[in-house]
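Student: I am attaching a structure below and will ask some questions about it afterwards.
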Amino acid sequence: MRVLGIETSCDETGVALYDGEHGLLAHAIYSQIPIHAEYGGVVPELASRDHVRKALPLIREVLDKAELTRTDIDAVAFTAGPGLIGALLVGAALGRSLAWALGVPAVGVHHMEGHLLAPLLEDSAPAFPFVALLVSGGHTQLVDVTGVGRYRILGESLDDAAGEAFDKTAKILGLSYPGGPVLSRLAEQGDPTRYRFPRPMTDRPGLDFSFSGLKTFALNTLREAEAEADGAIDAQTRADIARAFEEAVVDTLVIKCRRALRETGRRRLVLAGGVSANRRLRARMGEALAAEGREAHYPRPELCTDNGAMIAYAGWQRLNAGATEPLLFKPRARWPMEELQPVGPAII
């Protein structure tokens with residue numbers, strides 16, 4: 001079965017074609033960063049309009065890359081939520097209409113399930129069961145996974161997601177949009193011994209996260225440095241603050257992931273979502289788990305951000321199990337992942 005995947009939940013338009021026998025045939029992503037950079041963040045209406053402009057050309061591009069035509073599409077998967085409701089409506093309406101015109105089934109996919117399953121597209125795909133850390137601009141969750149659609153939330157952020165805290169701290173430091181990747185590049189030049197930020201909620205039981213206080217700590221640190229320098233801090237100080245912030249986030253994520261693996265007895269950890277592309281996080285997590293005889297699995301960096309490949313693959317899993325979307329579809333801006341229907345038996 002060849003499944004066309006369409007992702008339009010926020011500010012990336014992603015399209016991909018996945019074949020159940022041959023794997024990922026082709027994919028393409030268009031980022032809206034240049035559009036939103038002027039405003040320092042995503043403008044929902046502009047995002048929706050740009051998805052309208054870019055989705056069909058990307059579908060044609062993916063089909064050309066795969067050397068196939070529309071008649072070779074066996075099913076369509078689209079992101080049905082969570083996300084920006086206007087952006088979701090673009091992909092859902094296009095995907096469901098295209099499936100109707102071609103006479104093939106369609107299925108709505110949960111955006112975070114797409115991220116969670118993205119590492120299964122790799123050659124060294126993890127086997128169930130595993131613990132997943134979903135870490136992005138909108139979500140930070142630890143999930144116990146025993147099969148497709150069999151998810152138990154172990155912990156989540158009580159305020160800012162990790163990626164959101166990265167972006168807000170970058171703005172505090174005066175960095176350009178999108179702030180998270182820029183902050184990480186700046187942190188590479190920072191002195192790790194100059195500042196130490198707290199590791200929030202690691203000194204108490206539980207698997208929830210809180211990153212809001214870290215950005216406040218960064219702001220206070222910046223103000224103190226500015227006061228000491230009569231209002232004009234140098235580039236090195238900004239890099240040192242960025243490094244301290246990133247170290248605190250990475251350490252917190254590593255501590256909570258190790259705790260989740262111990263509490264569940266799992267040997268495998270999956271990291272997915274935009275922040276999972278962070279090089280320091282990957283290195284630190286890999287070292288910590290290897291020392292305990294556990295495994296860390298990640299999607300390739302291009303599949304960490306929002307993309308059509310993860311939607312096509314998650315859709316293929318659900319279509320194989322008989323799921324379909326009726327003509328009357330319903331995108332959801334908010335959608336708890338635990339409400340998803342399971343696919344197949346649990347693997348304990």
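For the structure tokens, the naming scheme is as follows: chains receive sequential letters (A, B, ...) according to their order of presentation, residues are indexed from 1 within each chain, and ligands are indexed from 1 in presentation order.
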Near Asn220 (chain A), within 12 Å and counting only C-alpha atoms, which residues show up once chain neighbours fewer than 5 positions away are dropped, as a list in words?

Tutor: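 Once the nearby chain positions are removed, what remains is Thr169, Ile172, Leu173, Phe197, Gly213, Leu214, Lys215, Ala225, Glu226, Ala227 and Ile241 of chain A.
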
Student: What would the file look like if the residues just selected were written as a JSON list (two decimals), in the first residue's frame with N, CA and C atoms?

Tutor:
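Just written: selection_16.json:
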```json
[["chain", "number", "residue", "atom", "x", "y", "z"],
["A", 169, "THR", "N", 13.85, 31.89, 25.61],
["A", 169, "THR", "CA", 15.16, 32.30, 26.13],
["A", 169, "THR", "C", 16.00, 32.93, 25.03],
["A", 172, "ILE", "N", 14.95, 36.43, 24.78],
["A", 172, "ILE", "CA", 15.52, 37.20, 25.89],
["A", 172, "ILE", "C", 16.96, 37.62, 25.57],
["A", 173, "LEU", "N", 17.70, 36.73, 24.91],
["A", 173, "LEU", "CA", 19.10, 37.00, 24.58],
["A", 173, "LEU", "C", 19.25, 37.83, 23.30],
["A", 197, "PHE", "N", 22.59, 26.83, 35.98],
["A", 197, "PHE", "CA", 21.15, 27.01, 36.14],
["A", 197, "PHE", "C", 20.57, 25.81, 36.89],
["A", 213, "GLY", "N", 10.49, 28.33, 34.68],
["A", 213, "GLY", "CA", 11.40, 29.00, 35.59],
["A", 213, "GLY", "C", 12.80, 29.19, 35.01],
["A", 214, "LEU", "N", 13.19, 28.32, 34.09],
["A", 214, "LEU", "CA", 14.53, 28.44, 33.51],
["A", 214, "LEU", "C", 14.66, 29.71, 32.67],
["A", 215, "LYS", "N", 13.62, 30.05, 31.94],
["A", 215, "LYS", "CA", 13.72, 31.28, 31.14],
["A", 215, "LYS", "C", 13.75, 32.51, 32.06],
["A", 225, "ALA", "N", 24.18, 40.44, 34.69],
["A", 225, "ALA", "CA", 25.38, 40.65, 33.88],
["A", 225, "ALA", "C", 25.39, 42.04, 33.27],
["A", 226, "GLU", "N", 24.22, 42.52, 32.84],
["A", 226, "GLU", "CA", 24.13, 43.87, 32.27],
["A", 226, "GLU", "C", 24.42, 44.93, 33.33],
["A", 227, "ALA", "N", 23.95, 44.69, 34.56],
["A", 227, "ALA", "CA", 24.21, 45.65, 35.64],
["A", 227, "ALA", "C", 25.70, 45.73, 35.95],
["A", 241, "ILE", "N", 25.52, 32.29, 28.90],
["A", 241, "ILE", "CA", 24.15, 32.12, 29.41],
["A", 241, "ILE", "C", 23.42, 31.08, 28.57]]
```

Student: I'd like the neighbourhood of Asp11 (chain A) as a list of chain:residue names, where a residue qualifies if any of its atoms comes within 10 Å (using only C-alpha atoms), though same-chain residues fewer than 2 positions away should be ignored.

Tutor: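 Once the adjacent positions are removed, what remains is A:Glu7, A:Thr8, A:Ser9, A:Thr13, A:Gly14, A:Tyr30, A:Ser31, A:Gln32, A:Ile33, A:Ile35, A:His36, A:Gly41, A:Val42, A:Val43, A:Pro44, A:Leu46, A:Ala47, A:Ser48, A:Asp50, A:His51, A:Gly83, A:Leu84, A:Ala87, A:Asp306.
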
Student: Output N, CA, C and O atoms for every residue in the selection just made, as a JSON list (two decimals), in the first residue's frame.

Tutor:
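Produced file again_18.json, reproduced below:
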```json
[["chain", "number", "residue", "atom", "x", "y", "z"],
["A", 7, "GLU", "N", 1.34, 16.90, 6.00],
["A", 7, "GLU", "CA", 1.50, 17.51, 7.32],
["A", 7, "GLU", "C", 1.40, 19.03, 7.21],
["A", 7, "GLU", "O", 2.18, 19.66, 6.48],
["A", 8, "THR", "N", 0.41, 19.62, 7.91],
["A", 8, "THR", "CA", 0.22, 21.08, 7.90],
["A", 8, "THR", "C", -0.21, 21.58, 9.27],
["A", 8, "THR", "O", -1.06, 22.46, 9.36],
["A", 9, "SER", "N", 0.38, 21.06, 10.34],
["A", 9, "SER", "CA", -0.14, 21.41, 11.66],
["A", 9, "SER", "C", 0.31, 22.77, 12.14],
["A", 9, "SER", "O", -0.35, 23.38, 13.00],
["A", 13, "THR", "N", 5.14, 22.79, 5.75],
["A", 13, "THR", "CA", 4.30, 21.98, 4.88],
["A", 13, "THR", "C", 5.12, 20.76, 4.50],
["A", 13, "THR", "O", 6.18, 20.89, 3.89],
["A", 14, "GLY", "N", 4.65, 19.58, 4.88],
["A", 14, "GLY", "CA", 5.39, 18.35, 4.60],
["A", 14, "GLY", "C", 4.54, 17.37, 3.81],
["A", 14, "GLY", "O", 3.35, 17.19, 4.10],
["A", 30, "TYR", "N", 8.58, 22.13, 3.14],
["A", 30, "TYR", "CA", 8.76, 23.57, 2.93],
["A", 30, "TYR", "C", 8.58, 24.26, 4.28],
["A", 30, "TYR", "O", 7.56, 24.11, 4.95],
["A", 31, "SER", "N", 9.60, 25.02, 4.69],
["A", 31, "SER", "CA", 9.55, 25.74, 5.96],
["A", 31, "SER", "C", 9.10, 27.18, 5.74],
["A", 31, "SER", "O", 9.53, 27.85, 4.79],
["A", 32, "GLN", "N", 8.26, 27.66, 6.63],
["A", 32, "GLN", "CA", 7.74, 29.02, 6.55],
["A", 32, "GLN", "C", 8.56, 30.02, 7.37],
["A", 32, "GLN", "O", 8.12, 31.15, 7.60],
["A", 33, "ILE", "N", 9.76, 29.63, 7.79],
["A", 33, "ILE", "CA", 10.58, 30.51, 8.64],
["A", 33, "ILE", "C", 10.71, 31.93, 8.08],
["A", 33, "ILE", "O", 10.54, 32.91, 8.80],
["A", 35, "ILE", "N", 8.74, 33.67, 6.35],
["A", 35, "ILE", "CA", 7.48, 34.41, 6.47],
["A", 35, "ILE", "C", 7.28, 34.91, 7.90],
["A", 35, "ILE", "O", 6.88, 36.06, 8.13],
["A", 36, "HIS", "N", 7.54, 34.07, 8.88],
["A", 36, "HIS", "CA", 7.24, 34.40, 10.27],
["A", 36, "HIS", "C", 8.38, 35.12, 10.98],
["A", 36, "HIS", "O", 8.16, 35.68, 12.06],
["A", 41, "GLY", "N", 7.63, 35.00, 15.51],
["A", 41, "GLY", "CA", 6.84, 33.83, 15.90],
["A", 41, "GLY", "C", 5.82, 33.52, 14.82],
["A", 41, "GLY", "O", 5.64, 34.29, 13.87],
["A", 42, "VAL", "N", 5.14, 32.39, 14.97],
["A", 42, "VAL", "CA", 4.21, 31.94, 13.94],
["A", 42, "VAL", "C", 2.92, 32.76, 13.99],
["A", 42, "VAL", "O", 2.30, 32.91, 15.04],
["A", 43, "VAL", "N", 2.53, 33.29, 12.82],
["A", 43, "VAL", "CA", 1.26, 33.99, 12.68],
["A", 43, "VAL", "C", 0.27, 33.00, 12.05],
["A", 43, "VAL", "O", 0.43, 32.63, 10.88],
["A", 44, "PRO", "N", -0.72, 32.52, 12.80],
["A", 44, "PRO", "CA", -1.57, 31.43, 12.31],
["A", 44, "PRO", "C", -2.20, 31.67, 10.95],
["A", 44, "PRO", "O", -2.24, 30.78, 10.10],
["A", 46, "LEU", "N", -1.23, 33.60, 8.46],
["A", 46, "LEU", "CA", -0.21, 33.52, 7.40],
["A", 46, "LEU", "C", 0.21, 32.07, 7.17],
["A", 46, "LEU", "O", 0.46, 31.67, 6.03],
["A", 47, "ALA", "N", 0.30, 31.30, 8.25],
["A", 47, "ALA", "CA", 0.67, 29.89, 8.11],
["A", 47, "ALA", "C", -0.37, 29.15, 7.27],
["A", 47, "ALA", "O", -0.02, 28.40, 6.35],
["A", 48, "SER", "N", -1.64, 29.37, 7.56],
["A", 48, "SER", "CA", -2.70, 28.68, 6.82],
["A", 48, "SER", "C", -2.66, 29.02, 5.34],
["A", 48, "SER", "O", -2.76, 28.15, 4.48],
["A", 50, "ASP", "N", -0.18, 30.05, 3.56],
["A", 50, "ASP", "CA", 0.99, 29.52, 2.86],
["A", 50, "ASP", "C", 0.87, 28.02, 2.62],
["A", 50, "ASP", "O", 1.37, 27.51, 1.61],
["A", 51, "HIS", "N", 0.22, 27.30, 3.55],
["A", 51, "HIS", "CA", -0.04, 25.88, 3.29],
["A", 51, "HIS", "C", -0.88, 25.70, 2.03],
["A", 51, "HIS", "O", -0.66, 24.78, 1.24],
["A", 83, "GLY", "N", -2.73, 21.05, 16.72],
["A", 83, "GLY", "CA", -2.02, 22.06, 15.96],
["A", 83, "GLY", "C", -2.87, 23.30, 15.81],
["A", 83, "GLY", "O", -3.89, 23.48, 16.48],
["A", 84, "LEU", "N", -2.47, 24.19, 14.90],
["A", 84, "LEU", "CA", -3.23, 25.40, 14.60],
["A", 84, "LEU", "C", -4.44, 24.99, 13.77],
["A", 84, "LEU", "O", -4.28, 24.37, 12.72],
["A", 87, "ALA", "N", -4.44, 25.87, 10.00],
["A", 87, "ALA", "CA", -3.44, 25.11, 9.26],
["A", 87, "ALA", "C", -3.88, 23.65, 9.09],
["A", 87, "ALA", "O", -3.72, 23.05, 8.03],
["A", 306, "ASP", "N", 8.62, 18.83, 11.91],
["A", 306, "ASP", "CA", 7.35, 18.39, 11.31],
["A", 306, "ASP", "C", 7.59, 17.98, 9.86],
["A", 306, "ASP", "O", 8.24, 18.71, 9.10]]
```

Student: CA of Ala187 (chain A) to CA of Arg238 (chain A): how many Å, to one decimal?

Tutor: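 Interatomic distance here is 8.5 Å.
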
Student: Name the residues of region 6-216 of chain A that fall into strand (DSSP E or B) according to DSSP on the backbone, using the chain letters and numbers of this document, as a PyMOL selection string.

Tutor: chain A and resi 6-7+12-19+23-31+75-81+106-110+130-135+140-147+150-157+209

Student: For CA of Asp191 (chain A) and CA of Cys304 (chain A), quote the distance in Å rounded to one decimal.

Tutor: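 Atom-to-atom, CA of Asp191 (chain A) and CA of Cys304 (chain A) are spaced 27.7 Å apart.
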
Student: Residues within 12 Å of Val107 (chain A), please, as JSON, numbers by chain. Count only C-alpha atoms; anything in the same chain fewer than 5 positions from it doesn't count.

Tutor: {"A": [3, 4, 5, 6, 74, 75, 76, 77, 78, 79, 80, 81, 91, 92, 93, 95, 96, 97, 98, 99, 100, 311, 312, 313, 314, 315, 316, 317, 318, 319, 320, 321, 322, 323, 324, 325, 326, 327, 328, 329, 330, 331]}

Student: Select from region 64-278 of chain A everything DSSP, run on the backbone, classes as helix (DSSP H, G or I), then give the selection as a ChimeraX atom specification.

Tutor: /A:64-66,70-72,85-102,111-121,162-172,179-187,212-228,235-264,274-277

Student: Just how far from CA of Ile153 (chain A) is CA of Met285 (chain A), in Å to one decimal?

Tutor: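 Between CA of Met285 (chain A) and CA of Ile153 (chain A) the gap is 20.3 Å.
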